[in-house]
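Below is the file run-v9.cif, which contains mmCIF, C-alpha atoms and all ligand atoms.
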```
data_input
#
loop_
_atom_site.label_atom_id
_atom_site.label_comp_id
_atom_site.auth_asym_id
_atom_site.auth_seq_id
_atom_site.Cartn_x
_atom_site.Cartn_y
_atom_site.Cartn_z
CA MET W 1 -28.29 131.08 -41.15
CA ILE W 2 -27.73 127.43 -41.82
CA VAL W 3 -25.04 126.99 -39.22
CA THR W 4 -27.16 128.46 -36.43
CA ALA W 5 -30.20 126.47 -37.40
CA LEU W 6 -28.23 123.27 -37.40
CA ALA W 7 -26.58 124.04 -34.09
CA LEU W 8 -29.99 124.52 -32.52
CA VAL W 9 -31.23 121.24 -33.85
CA THR W 10 -28.09 119.42 -32.79
CA LEU W 11 -27.62 120.90 -29.38
CA GLY W 12 -31.09 121.86 -28.32
CA PRO W 13 -31.60 124.97 -26.21
CA VAL W 14 -28.58 124.41 -23.99
CA ALA W 15 -25.58 125.19 -26.15
CA GLY W 16 -22.44 124.06 -24.39
CA PRO W 17 -18.85 125.18 -24.94
CA ALA W 18 -17.72 126.35 -28.36
CA ARG W 19 -16.96 122.80 -29.45
CA THR W 20 -20.07 120.88 -30.38
CA ALA W 21 -20.60 118.00 -28.00
CA SER W 22 -20.21 114.63 -29.63
CA ALA W 23 -23.44 112.68 -29.80
CA ASP W 24 -21.77 109.34 -29.41
CA GLY W 25 -18.07 109.73 -28.68
CA CYS W 26 -17.14 109.63 -32.34
CA TYR W 27 -17.95 112.71 -34.34
CA THR W 28 -20.76 115.24 -34.58
CA TRP W 29 -21.11 117.65 -37.45
CA GLY W 30 -21.61 121.29 -36.61
CA ARG W 31 -22.85 122.75 -39.88
CA ALA W 32 -24.78 121.71 -42.94
CA LEU W 33 -22.47 120.57 -45.73
CA ARG W 34 -23.04 121.32 -49.38
CA ALA W 35 -21.13 121.67 -52.62
CA GLY W 36 -18.38 124.29 -52.45
CA LEU W 37 -17.48 123.78 -48.80
CA SER W 38 -14.31 122.17 -47.56
CA GLY W 39 -12.77 121.11 -44.28
CA GLY W 40 -12.30 118.32 -41.82
CA ASP W 41 -16.06 117.92 -41.46
CA VAL W 42 -16.38 117.30 -45.20
CA ARG W 43 -13.66 114.69 -44.92
CA GLN W 44 -15.51 112.96 -42.10
CA LEU W 45 -18.58 112.88 -44.30
CA GLN W 46 -16.62 111.49 -47.25
CA ILE W 47 -15.27 108.61 -45.17
CA ARG W 48 -18.85 107.57 -44.43
CA LEU W 49 -19.86 107.97 -48.06
CA ALA W 50 -16.98 105.84 -49.35
CA GLY W 51 -19.42 103.06 -50.17
CA TYR W 52 -21.53 105.25 -52.44
CA PRO W 53 -19.42 105.95 -55.54
CA PRO W 54 -20.66 105.46 -59.09
CA TYR W 55 -20.49 101.88 -60.36
CA GLY W 56 -16.82 100.93 -60.58
CA GLY W 57 -15.69 104.29 -59.21
CA ARG W 58 -14.44 105.66 -55.93
CA VAL W 59 -15.22 108.55 -53.64
CA SER W 60 -12.24 110.83 -53.05
CA ILE W 61 -11.64 111.55 -49.39
CA ASP W 62 -9.98 114.91 -49.76
CA GLY W 63 -12.03 117.32 -47.67
CA GLY W 64 -13.47 119.14 -50.68
CA PHE W 65 -17.22 118.94 -51.30
CA GLY W 66 -17.44 118.83 -55.10
CA PRO W 67 -19.85 117.24 -57.56
CA ALA W 68 -18.60 113.70 -56.83
CA THR W 69 -19.23 114.09 -53.10
CA ARG W 70 -22.65 115.52 -53.86
CA ALA W 71 -23.47 112.55 -56.09
CA ALA W 72 -22.27 110.11 -53.41
CA LEU W 73 -24.37 111.88 -50.81
CA ARG W 74 -27.42 111.67 -53.06
CA ARG W 75 -26.88 107.92 -53.44
CA PHE W 76 -26.60 107.57 -49.67
CA GLN W 77 -29.76 109.59 -49.14
CA ALA W 78 -31.66 107.53 -51.71
CA ALA W 79 -30.43 104.25 -50.22
CA ARG W 80 -31.40 105.30 -46.72
CA GLY W 81 -34.81 106.73 -47.48
CA LEU W 82 -33.84 110.34 -46.87
CA ARG W 83 -34.80 113.35 -48.94
CA VAL W 84 -32.41 113.32 -51.89
CA ASP W 85 -31.04 116.85 -52.08
CA GLY W 86 -27.27 116.43 -52.01
CA VAL W 87 -26.98 118.54 -48.87
CA ALA W 88 -25.95 117.02 -45.56
CA GLY W 89 -28.25 118.55 -42.98
CA PRO W 90 -29.72 117.39 -39.67
CA ALA W 91 -31.63 114.38 -41.05
CA THR W 92 -28.57 113.08 -42.91
CA PHE W 93 -26.34 113.59 -39.88
CA ARG W 94 -28.79 111.83 -37.60
CA ARG W 95 -28.75 108.85 -39.92
CA LEU W 96 -24.96 108.83 -40.13
CA GLU W 97 -24.60 109.10 -36.37
CA ALA W 98 -26.99 106.20 -35.95
CA LEU W 99 -24.74 104.14 -38.20
CA GLN W 100 -21.51 104.70 -36.28
CA ASP W 101 -20.07 103.31 -33.11
CA SER W 102 -18.21 105.49 -30.62
CA ASP W 103 -14.89 104.62 -32.30
CA CYS W 104 -16.30 105.78 -35.67
CA THR W 105 -16.55 102.31 -37.16
CA PRO W 106 -19.88 101.48 -38.76
CA ILE W 107 -22.21 99.57 -36.47
CA HIS W 108 -21.95 96.21 -38.19
CA PHE W 109 -18.16 96.04 -38.37
CA SER W 110 -15.34 96.53 -35.90
CA TYR W 111 -11.60 97.04 -35.85
CA ARG W 112 -11.31 93.77 -34.02
CA GLU W 113 -12.63 91.70 -36.89
CA ILE W 114 -10.45 93.41 -39.47
CA ASP W 115 -7.14 93.83 -37.60
CA ASP W 116 -4.25 91.37 -37.70
CA GLY W 117 -5.83 88.25 -39.13
CA CYS W 118 -3.52 85.75 -37.43
CA GLY W 119 -4.99 86.15 -34.02
CA GLY W 120 -2.89 89.16 -33.12
CA SER W 121 -4.36 92.58 -32.62
CA GLY W 122 -3.73 96.01 -34.04
CA PHE W 123 -2.33 97.28 -37.31
CA ASP W 124 1.41 97.03 -36.73
CA GLY W 125 3.96 95.17 -38.81
CA GLY W 126 2.51 95.56 -42.28
CA ARG W 127 3.69 97.62 -45.23
CA ALA W 128 1.99 100.81 -44.12
CA SER W 129 2.21 102.69 -40.86
CA SER W 130 -0.13 101.44 -38.19
CA SER W 131 -2.24 104.61 -38.36
CA THR W 132 -2.53 104.47 -42.15
CA ALA W 133 -3.51 100.81 -42.10
CA ARG W 134 -6.08 101.51 -39.42
CA TYR W 135 -7.54 104.41 -41.37
CA ARG W 136 -7.79 102.30 -44.52
CA ALA W 137 -9.53 99.59 -42.55
CA LEU W 138 -12.04 102.17 -41.37
CA VAL W 139 -12.81 103.25 -44.93
CA THR W 140 -13.11 99.61 -45.98
CA MET W 141 -15.64 99.02 -43.23
CA TRP W 142 -17.77 101.95 -44.38
CA LYS W 143 -17.76 100.48 -47.87
CA MET W 144 -18.85 97.13 -46.49
CA GLU W 145 -21.56 98.80 -44.42
CA ALA W 146 -23.01 100.28 -47.62
CA MET W 147 -22.75 96.91 -49.31
CA ARG W 148 -24.40 95.12 -46.40
CA HIS W 149 -27.31 97.53 -46.45
CA ALA W 150 -27.73 97.14 -50.21
CA LEU W 151 -27.89 93.37 -49.74
CA GLY W 152 -30.82 93.58 -47.39
CA GLY W 153 -28.92 93.94 -44.14
CA ARG W 154 -27.80 90.33 -44.02
CA PRO W 155 -24.52 89.73 -42.16
CA ILE W 156 -21.20 89.85 -43.96
CA THR W 157 -18.38 87.96 -42.31
CA VAL W 158 -14.80 89.16 -42.64
CA GLY W 159 -12.45 86.18 -42.56
CA SER W 160 -9.27 88.21 -42.86
CA GLY W 161 -8.48 91.92 -43.05
CA PHE W 162 -5.20 93.61 -42.23
CA ARG W 163 -2.17 91.31 -41.97
CA SER W 164 1.29 91.97 -40.64
CA ILE W 165 4.11 90.71 -42.87
CA ARG W 166 4.52 87.70 -40.61
CA CYS W 167 0.81 86.97 -40.59
CA ASN W 168 0.57 87.31 -44.36
CA ALA W 169 3.39 84.82 -44.86
CA ARG W 170 1.69 82.40 -42.53
CA ALA W 171 -1.63 82.85 -44.35
CA GLY W 172 0.07 82.19 -47.69
CA GLY W 173 -0.83 85.64 -48.99
CA ALA W 174 0.83 87.20 -52.02
CA ARG W 175 4.10 88.93 -51.22
CA ASN W 176 2.67 92.37 -51.94
CA SER W 177 -0.87 91.61 -50.86
CA ARG W 178 -3.15 94.57 -50.14
CA HIS W 179 -3.80 92.93 -46.79
CA LEU W 180 -0.38 94.27 -45.77
CA TYR W 181 -1.56 97.81 -46.49
CA GLY W 182 -4.79 97.62 -44.57
CA ASP W 183 -7.31 98.15 -47.34
CA ALA W 184 -8.24 94.54 -48.06
CA ALA W 185 -10.90 92.29 -46.63
CA ASP W 186 -11.68 88.66 -47.40
CA LEU W 187 -15.35 87.82 -47.08
CA ASP W 188 -16.63 84.39 -46.21
CA SER W 189 -19.83 82.95 -47.54
CA GLY W 190 -22.68 82.99 -45.05
CA PRO W 191 -26.26 84.01 -45.66
CA LEU W 192 -24.96 85.55 -48.88
CA ALA W 193 -23.36 83.53 -51.66
CA LEU W 194 -19.83 84.49 -52.65
CA CYS W 195 -20.89 85.57 -56.13
CA THR W 196 -23.61 87.77 -54.65
CA LEU W 197 -20.94 89.49 -52.59
CA ALA W 198 -18.49 89.78 -55.48
CA ARG W 199 -21.09 91.20 -57.84
CA ARG W 200 -22.44 93.67 -55.34
CA ALA W 201 -18.94 94.92 -54.41
CA ARG W 202 -18.68 96.54 -57.84
CA TYR W 203 -21.04 99.28 -56.65
CA HIS W 204 -19.23 100.13 -53.44
CA GLY W 205 -15.81 101.49 -54.26
CA PHE W 206 -13.53 98.45 -54.47
CA ARG W 207 -10.64 98.44 -56.90
CA GLY W 208 -9.82 94.77 -56.45
CA ILE W 209 -12.43 92.03 -56.43
CA PHE W 210 -11.27 88.41 -56.60
CA GLY W 211 -13.64 85.54 -56.13
CA PRO W 212 -14.87 82.14 -57.32
CA GLY W 213 -13.04 80.93 -60.39
CA TYR W 214 -9.92 83.00 -59.68
CA PRO W 215 -7.06 80.82 -58.41
CA GLY W 216 -7.04 80.53 -54.65
CA HIS W 217 -10.35 82.35 -54.23
CA SER W 218 -12.97 79.64 -54.40
CA GLY W 219 -13.75 79.84 -50.71
CA HIS W 220 -13.84 83.59 -50.19
CA VAL W 221 -14.14 86.93 -51.94
CA HIS W 222 -11.19 89.28 -51.66
CA LEU W 223 -11.91 93.01 -51.82
CA ASP W 224 -9.36 95.80 -51.77
CA SER W 225 -8.88 99.47 -52.52
CA GLY W 226 -5.31 99.60 -53.74
CA PRO W 227 -4.01 102.13 -56.27
CA GLY W 228 -4.28 101.76 -60.02
CA SER W 229 -7.00 100.57 -62.32
CA ARG W 230 -9.55 98.06 -61.22
CA ARG W 231 -9.06 94.32 -61.29
CA TRP W 232 -12.21 92.28 -60.99
CA GLN W 233 -11.61 88.57 -61.39
CA ALA W 234 -14.24 86.04 -60.49
CA PRO W 235 -14.86 84.01 -63.63
CA ARG W 236 -17.56 81.86 -62.08
CA CYS W 237 -19.53 84.97 -61.06
CA ARG W 238 -19.50 86.73 -64.46
CA LEU W 239 -18.63 90.16 -63.11
ZN ZN M 301 -7.53 88.66 -49.70
#
```
I'd like the structure from this file rewritten - as structure tokens, please.
Amino acid sequence: MIVTALALVTLGPVAGPARTASADGCYTWGRALRAGLSGGDVRQLQIRLAGYPPYGGRVSIDGGFGPATRAALRRFQAARGLRVDGVAGPATFRRLEALQDSDCTPIHFSYREIDDGCGGSGFDGGRASSSTARYRALVTMWKMEAMRHALGGRPITVGSGFRSIRCNARAGGARNSRHLYGDAADLDSGPLALCTLARRARYHGFRGIFGPGYPGHSGHVHLDSGPGSRRWQAPRCRL
């Protein structure tokens, strides 16, 4: 049985209480995941695969392992040098667990760098509940982790992420900016040119991409995952 085999690999000979012990304080999967399954464990997988949609598309985080999740998993496996079989088993889980911190953020990003961008902390005071904004920030970070890896592992610096209404006004953000909802991140140039970031973002699940050549975006690239059809505007980058 798959479940038993996985449990042995995960836990070793000493199986503890019914609940699988967490490898790192965040989350540990207790069964292999494949097309047709559903549940909270599938959802946890989908959050970490959010950066592996088809070009211009998005990964649904709905707890159902369908063809789109399988395709995203295959892209993850290919990107990370794993066997590409569309099934999340021990090797895939080990890789995912190695990519996450104990608070479930990916290793190269943190809540601290994406929470209230005016020097405050947390996800209060925006246009979404604090927990929703925080969750969206988490998904955004997993997208950026995929993007960072695809760009050779060079650092990506987030200049501004979630903003409270007060912070957004102070930052001169648009009245209904996605920063108020928690799913936006502004990236600064660093080792990577802004157009490199903007162009690469198209592969990692962002609905909004605004960069060089778009008014007010010459010094950073704005990414977001708001509702509706995509808007990619960075005339100087030829998206
Ligand atoms: Zn922005």
Problem set entry | Within 8 Å of ligand ZN 301 (chain M) (all atoms listed in the file), residues as an MDAnalysis selection string | chainID W and resid 160:161 173 177:179 184:186 210 221:224
Problem set entry | Top pick for closest residue to Tyr203 (chain W), considering W:Leu73, W:Val158, W:Ile47, W:Met147 and counting only C-alpha atoms |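 The closest residue to Tyr203 (chain W) is W:Met147.
Take CA of Gly66 (chain W) and CA of Arg43 (chain W): the distance between them is 11.6 Å.
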Problem set entry | Distance criterion (all atoms listed in the file): nearest to Ile107 (chain W) out of W:Gly40, W:Gly205, W:Gly153, W:Gly216 | W:Gly153
For this session: Compare W:Asn176, W:Thr132, W:Ser225, W:Thr92 by their minimum atom-to-atom distance to Phe206 (chain W), counting all atoms listed in the file, and give me the closest one.
Result: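 Checking each of W:Asn176, W:Thr132, W:Ser225, W:Thr92 against Phe206 (chain W), counting all atoms listed in the file, the winner is W:Ser225.
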For this session: Counting all atoms listed in the file, figure out which residue out of W:Val42, W:Arg230, W:Thr105, W:Ala150 gets nearest to Ala78 (chain W).
Result: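 Looking only at the distances to Ala78 (chain W), the closest residue turns out to be W:Ala150.
Residues surrounding Val87 (chain W) within 12 Å are W:Ile2, W:Arg31, W:Ala32, W:Leu33, W:Arg34, W:Ala35, W:Gly36, W:Leu37, W:Val42, W:Leu45, W:Phe65, W:Gly66, W:Pro67, W:Thr69, W:Arg70, W:Ala71, W:Ala72, W:Leu73, W:Arg74, W:Arg75, W:Phe76, W:Gln77, W:Phe93 [all atoms listed in the file; sequence separation below 6 positions excluded].
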Quick one: everything within 8 Å of Pro106 (chain W), counting all atoms listed in the file, minus sequence neighbours fewer than 5 positions away in the same chain. Send it as a short mmCIF file (atom, residue, chain, number, x, y, z; two decimals) with C-alpha atoms, in the frame of the given file.
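Done, and the output landed in selection-v2.cif:
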```
data_model
loop_
_atom_site.label_atom_id
_atom_site.label_comp_id
_atom_site.auth_asym_id
_atom_site.auth_seq_id
_atom_site.Cartn_x
_atom_site.Cartn_y
_atom_site.Cartn_z
CA LEU W 99 -24.74 104.14 -38.20
CA GLN W 100 -21.51 104.70 -36.28
CA ASP W 101 -20.07 103.31 -33.11
CA MET W 141 -15.64 99.02 -43.23
CA TRP W 142 -17.77 101.95 -44.38
CA GLU W 145 -21.56 98.80 -44.42
#
```
